[in-house]
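Worksheet for the structure shown next.
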Amino acid sequence: MPDDFIQRVFGPDGLIARFHENYEYREGQVEMAARVADAFHARKHLMVEAGTGTGKTLAYLVPAIAAAVGQKKRVIISTGTKNLQEQLMEKDIPFLKKVLPTKFTAAYMKGRSNYACLYRITKAEDQPVLDGLDQIDHFRKVARWVKETETGDRRELVDLPENLSFWNRINARGEICIGQKCPDFEPCFITRMRNRAEAADIVVVNHHLFFADLNVRGNQFGKVLPDYGAVIFDEAHLIEDIASDYFGFQVSNFQLDELVRDIDGLPIHDPVVTRELTKLAAKVSGLAETFWMRFSQAKFDGRYPLLPDAFVYRNSVGGTEPTAIGEAYETLEDALKTLEKEIEGFAADMPEADSLLKRTRQARFDLEFIATQTERNFVYWIERRGKGIYLRASPVDVSELLREKLFDKVETCVLTSATLSSGGSFNFVRERLGLDTAKTNAFTAPSSFDHERQAVLYLPKAMPDPRSNEFTQLAAGEIVKILQVTSGHAFVLCTSNFSMNALYELVSSRVNFPCFVQGSMSKAGILDRFRTTKNAVLFATASFWQGVDVQGEQLSCVIIDKLPFAVPSDPIVAARSRFIDEQGGRSFTDYSIPQAVITLKQGIGRLIRSRTDRGVIAILDPRLRTKPYGRQFLESLPRMRIVSDAEQIKEVLYPQ
């Protein structure tokens, strides 16, 4: 694709400028678009670090559209979040349809649970499973809506609560789908979504759906996405963890509960068979409850290692015997096998039973994989989230899988994010994902922001080691001092819930600004309160370090308590570190530091979101100055003036 096409689109008097009255020519955007175009032309992979304000979505969309139409190869755009996916489909792509002379088609695909299932809604009307007048009223609205909607996308139901209690009973998720045997297969919203995608030049998905598809391509489950010739990953720093999830195995208490519940919904008219199945379902339910109760270490939310001796132990004569967990597992497995045999008898003639049989087999297979732990290159753990208990297994290293399944098969993959490099090098992400150096170019787009003018980095002197007892008290004092200069308008980003709650208690009682703490309401709700409350201060952890956008004076300060090193005892972190050490590497240098650098860059990226923003970044961790690796962190940040006196912050916030 010639550079003059890029200039014709992005130039000061180009096509975009004609349709966008506030258009600003950005060197970084033009250079990124040219690099993406070159990658398509050369059939190579490309890594692009492009910060906020680069205009990266248009920079990759324009050459992607040109390549999809000109080279007749479908391009998948995969985003880290549904919000970005919806922004592309509702804002950026419609804009380019007006701007570009090239005619193109675009479609989006989401996970099946986002869509209503016509067949299940009809069944729910015949066999109501609703409690209370509100649920009945909400269901009637959904039943009317499915007769009018083109997409069946849950997001259209804006006047209904986000947490519709019955949505799980009527959505189109794959494990309960009866496929082409369904009487509603042709009008099905999933069928329609796939048909739109098959006809599109550009298909917009999110990483979760992309890697769910990549995991099943080539096996008996078939594919989810249409065939494609190129992929662009936005928010590509999330790829490793999401891919690891989808290349792994999982069994949860919810999954087994649902399996048992769906047995009651089978359309069986023989009372003897129904009675037998009901007894068997009750047995599985009781054994499953006993099994989950054995995991006493998972009383609180978090991830806990699932060691090989959780299920069996070696006795005094060298043999193995089951532990209490192992005994509960064996009896549960036997009951699941019996359930399988019972369902097999009528699965051939009943699509619902066939679907249930596949789910039972899959749950038993996943449970066996996790319990036996025969695959050495996997990490095994138990996770608690609210009322959910999850047994999980994931590959320790996904680089070979990604190389084999993706990068060696697809001509062009573009990976972009505001945070792909550490210490000026892309090697960390390149190696973690298995990208071939010879086939992969890397590029950092020039920033549109002048951080030296717009921001200041505050590093207080004389802070103690963050592991010391007095750190939290002194950190709270520094935060109070900073907030008095900035008059609130701050995020306080913490590396743990304990630190967040402790700092919130210490600081909120000493300042007159409205203080909010993550967890007191939904993420969307607390963010809305922050945006609309004068002089607000928000204390938060992991999910606010990225993907949050607050422009203008309302967010003038981002305070970070400690360098965001991953918790060494976390099962996944520990397994990855051990794997690197066993390969002859140094896990702290090769994994912990670059991973923390990327996370820190994400947190700092919350501050400057436009050319008119001004503000202060405060990092309270003294290791930036006292440890040799501190330089690697500092060199990875935008160039800013560094101060250690809180009064100097005023010079940037309130220039004369």
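Residue numbers start at 1 in each chain; chains themselves are named A, B, ... in the order of the structure tokens; ligands are numbered from 1 in the order shown.
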With DSSP run on the backbone, what are the strand (DSSP E or B) residues within stretch 503-654 of chain A? I'd like them as number ranges by chain.
A: 515-517, 537-540, 557-560, 615-619, 641-643
Take the residues just selected and output them with N, CA and C atoms as an mmCIF file, in the first residue's frame.
data_model
loop_
_atom_site.group_PDB
_atom_site.id
_atom_site.type_symbol
_atom_site.label_atom_id
_atom_site.label_comp_id
_atom_site.auth_asym_id
_atom_site.auth_seq_id
_atom_site.Cartn_x
_atom_site.Cartn_y
_atom_site.Cartn_z
ATOM 1 N N CYS A 515 -13.911 10.872 49.543
ATOM 2 C CA CYS A 515 -13.062 9.704 49.259
ATOM 3 C C CYS A 515 -13.935 8.481 48.986
ATOM 4 N N PHE A 516 -13.623 7.782 47.915
ATOM 5 C CA PHE A 516 -14.331 6.554 47.555
ATOM 6 C C PHE A 516 -13.334 5.402 47.537
ATOM 7 N N VAL A 517 -13.832 4.205 47.824
ATOM 8 C CA VAL A 517 -12.952 3.038 47.810
ATOM 9 C C VAL A 517 -13.584 1.948 46.951
ATOM 10 N N VAL A 537 -11.497 11.714 45.479
ATOM 11 C CA VAL A 537 -10.315 10.844 45.565
ATOM 12 C C VAL A 537 -10.816 9.403 45.544
ATOM 13 N N LEU A 538 -10.232 8.594 44.669
ATOM 14 C CA LEU A 538 -10.645 7.196 44.557
ATOM 15 C C LEU A 538 -9.480 6.271 44.888
ATOM 16 N N PHE A 539 -9.688 5.392 45.857
ATOM 17 C CA PHE A 539 -8.700 4.368 46.224
ATOM 18 C C PHE A 539 -9.087 3.072 45.512
ATOM 19 N N ALA A 540 -8.142 2.500 44.754
ATOM 20 C CA ALA A 540 -8.496 1.340 43.933
ATOM 21 C C ALA A 540 -7.306 0.407 43.759
ATOM 22 N N CYS A 557 -4.173 13.808 39.321
ATOM 23 C CA CYS A 557 -3.137 13.190 40.145
ATOM 24 C C CYS A 557 -3.343 11.679 40.192
ATOM 25 N N VAL A 558 -2.275 10.942 39.938
ATOM 26 C CA VAL A 558 -2.292 9.484 40.113
ATOM 27 C C VAL A 558 -1.190 9.132 41.106
ATOM 28 N N ILE A 559 -1.582 8.555 42.226
ATOM 29 C CA ILE A 559 -0.637 8.170 43.280
ATOM 30 C C ILE A 559 -0.537 6.644 43.299
ATOM 31 N N ILE A 560 0.680 6.131 43.249
ATOM 32 C CA ILE A 560 0.915 4.682 43.247
ATOM 33 C C ILE A 560 1.687 4.328 44.507
ATOM 34 N N GLY A 615 -0.946 17.235 35.182
ATOM 35 C CA GLY A 615 -1.082 16.493 36.423
ATOM 36 C C GLY A 615 0.223 15.981 36.986
ATOM 37 N N VAL A 616 0.071 15.246 38.092
ATOM 38 C CA VAL A 616 1.227 14.722 38.812
ATOM 39 C C VAL A 616 1.095 13.209 38.960
ATOM 40 N N ILE A 617 2.205 12.527 38.715
ATOM 41 C CA ILE A 617 2.342 11.109 39.048
ATOM 42 C C ILE A 617 3.174 11.044 40.322
ATOM 43 N N ALA A 618 2.676 10.370 41.334
ATOM 44 C CA ALA A 618 3.443 10.191 42.575
ATOM 45 C C ALA A 618 3.650 8.698 42.799
ATOM 46 N N ILE A 619 4.897 8.297 42.929
ATOM 47 C CA ILE A 619 5.216 6.897 43.233
ATOM 48 C C ILE A 619 5.920 6.883 44.584
ATOM 49 N N ARG A 641 9.685 15.770 34.300
ATOM 50 C CA ARG A 641 10.476 16.399 35.355
ATOM 51 C C ARG A 641 10.243 15.640 36.663
ATOM 52 N N ILE A 642 11.317 15.331 37.392
ATOM 53 C CA ILE A 642 11.216 14.606 38.661
ATOM 54 C C ILE A 642 11.427 15.581 39.816
ATOM 55 N N VAL A 643 10.510 15.571 40.791
ATOM 56 C CA VAL A 643 10.632 16.443 41.958
ATOM 57 C C VAL A 643 10.455 15.608 43.218
#
For A:His45: contacts at 7 Å, only C-alpha atoms, fewer than 4 positions along chain excluded, given as a PyMOL selection string:
chain A and resi 39+412-414+439-441
Between A:Lys562, A:Lys650, A:Arg112, A:Arg631, single out the one closest to A:Leu483, counting only C-alpha atoms.
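Checking each candidate against A:Leu483, we get A:Lys650 as the closest.
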How many Å lie between atom CA of A:Lys56 and atom CA of A:Met32, rounded to one decimal?
7.4 Å
Selection: 6 Å around stretch 290-298 of chain A, only C-alpha atoms, excl. self and same-chain fewer than 2 positions, as a compact mmCIF listing (two decimals) with N, CA and C atoms, in the first residue's frame:
# COMPACT_ATOMS: atom_id res chain seq x y z
N LEU A 287 -22.86 -35.36 46.21
CA LEU A 287 -21.43 -35.70 46.16
C LEU A 287 -20.59 -34.49 45.73
N ALA A 288 -21.13 -33.70 44.82
CA ALA A 288 -20.41 -32.49 44.37
C ALA A 288 -20.27 -31.51 45.53
N PHE A 300 -11.46 -17.79 51.29
CA PHE A 300 -11.50 -16.38 50.93
C PHE A 300 -11.19 -16.22 49.45
N ILE A 325 -9.93 -35.34 49.91
CA ILE A 325 -10.35 -34.74 48.64
C ILE A 325 -10.39 -35.82 47.56
N ALA A 328 -13.45 -38.03 47.87
CA ALA A 328 -14.64 -37.31 47.41
C ALA A 328 -14.66 -37.23 45.89
N ARG A 384 -11.15 -18.92 44.33
CA ARG A 384 -12.42 -18.56 44.97
C ARG A 384 -12.81 -17.17 44.51
Smallest atom-to-atom distance to A:Ser569: which of A:Leu61, A:Arg376, A:Trp381, A:Val204, using only C-alpha atoms?
A:Trp381
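Here atom CA of A:Ile268 stands at a distance of 9.5 Å from atom CA of A:Ala353.
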Near A:Glu240, counting only C-alpha atoms, which residues have an atom at most 9 Å away, once you skip same-chain residues fewer than 5 positions from it, shown as a list in words?
Asp245, Asp397, Val398, Ser399, Val429, Arg432 and Leu433 of chain A
Take the residues from that selection and put them in a file with N, CA and C atoms, as a PDB file, in the first residue's frame.
ATOM      1  N   ASP A 245      -5.668 -18.913  29.814  1.00  0.00           N
ATOM      2  CA  ASP A 245      -6.971 -19.377  30.309  1.00  0.00           C
ATOM      3  C   ASP A 245      -7.634 -20.330  29.322  1.00  0.00           C
ATOM      4  N   ASP A 397       3.631 -22.016  30.042  1.00  0.00           N
ATOM      5  CA  ASP A 397       4.214 -21.191  28.977  1.00  0.00           C
ATOM      6  C   ASP A 397       3.375 -21.383  27.714  1.00  0.00           C
ATOM      7  N   VAL A 398       2.848 -20.277  27.157  1.00  0.00           N
ATOM      8  CA  VAL A 398       1.978 -20.391  25.974  1.00  0.00           C
ATOM      9  C   VAL A 398       2.698 -20.058  24.677  1.00  0.00           C
ATOM     10  N   SER A 399       3.992 -19.752  24.743  1.00  0.00           N
ATOM     11  CA  SER A 399       4.697 -19.271  23.550  1.00  0.00           C
ATOM     12  C   SER A 399       4.681 -20.296  22.417  1.00  0.00           C
ATOM     13  N   VAL A 429       7.729  -9.185  25.787  1.00  0.00           N
ATOM     14  CA  VAL A 429       6.434  -9.608  25.238  1.00  0.00           C
ATOM     15  C   VAL A 429       6.641 -10.525  24.037  1.00  0.00           C
ATOM     16  N   ARG A 432       7.495 -13.938  25.455  1.00  0.00           N
ATOM     17  CA  ARG A 432       6.381 -14.537  26.192  1.00  0.00           C
ATOM     18  C   ARG A 432       5.315 -15.078  25.243  1.00  0.00           C
ATOM     19  N   LEU A 433       5.148 -14.411  24.078  1.00  0.00           N
ATOM     20  CA  LEU A 433       4.094 -14.806  23.145  1.00  0.00           C
ATOM     21  C   LEU A 433       4.587 -15.710  22.025  1.00  0.00           C
TER      22      LEU A 433
END
Coordinates-based distance that separates atom CA of A:Phe311 from atom CA of A:Glu327 (Å, one decimal):
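One can read the atom CA of A:Glu327 to atom CA of A:Phe311 distance as 7.8 Å.
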Near A:Ile232, counting only C-alpha atoms, which residues have an atom at most 8 Å away, once you skip same-chain residues fewer than 4 positions from it, shown as a PyMOL selection string?
chain A and resi 60+75-78+413-416
From the list A:Glu186, A:Asp621, A:Asp262, A:Glu342, which residue is nearest A:Ser468 when using only C-alpha atoms?
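Going through A:Glu186, A:Asp621, A:Asp262, A:Glu342 one by one, the smallest distance to A:Ser468 is for A:Asp621.
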Neighbouring residues of A:Gln85 were defined as those with any atom within 12 Å, considering only C-alpha atoms; residues of the same chain fewer than 2 positions away were excluded. Please report them as a VMD selection string.
chain A and resid 57 76 to 83 87 to 93 107 to 110 203 to 209 233 to 235
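Nearest residue to A:Thr486 among A:Leu367, A:Ile389, A:Leu58, A:Ala646 is A:Ala646, counting only C-alpha atoms.
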Using only C-alpha atoms, can you tell me which of A:His451, A:Lys181, A:Lys358, A:Arg144 comes closest to A:Glu125?
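Among the listed residues, the smallest separation from A:Glu125 belongs to A:Arg144.
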8 Å contact set for stretch 52-55 of chain A, only C-alpha atoms, chain neighbours under 5 positions out, as a ChimeraX atom specification
/A:26,28-29,418,445-449,605,608-611
Ranking A:Val597, A:Val507, A:Ile202, A:Ile239 by minimum distance to A:Phe565 and counting only C-alpha atoms, which one comes first?
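Using only C-alpha atoms, the shortest distance to A:Phe565 belongs to A:Val597.
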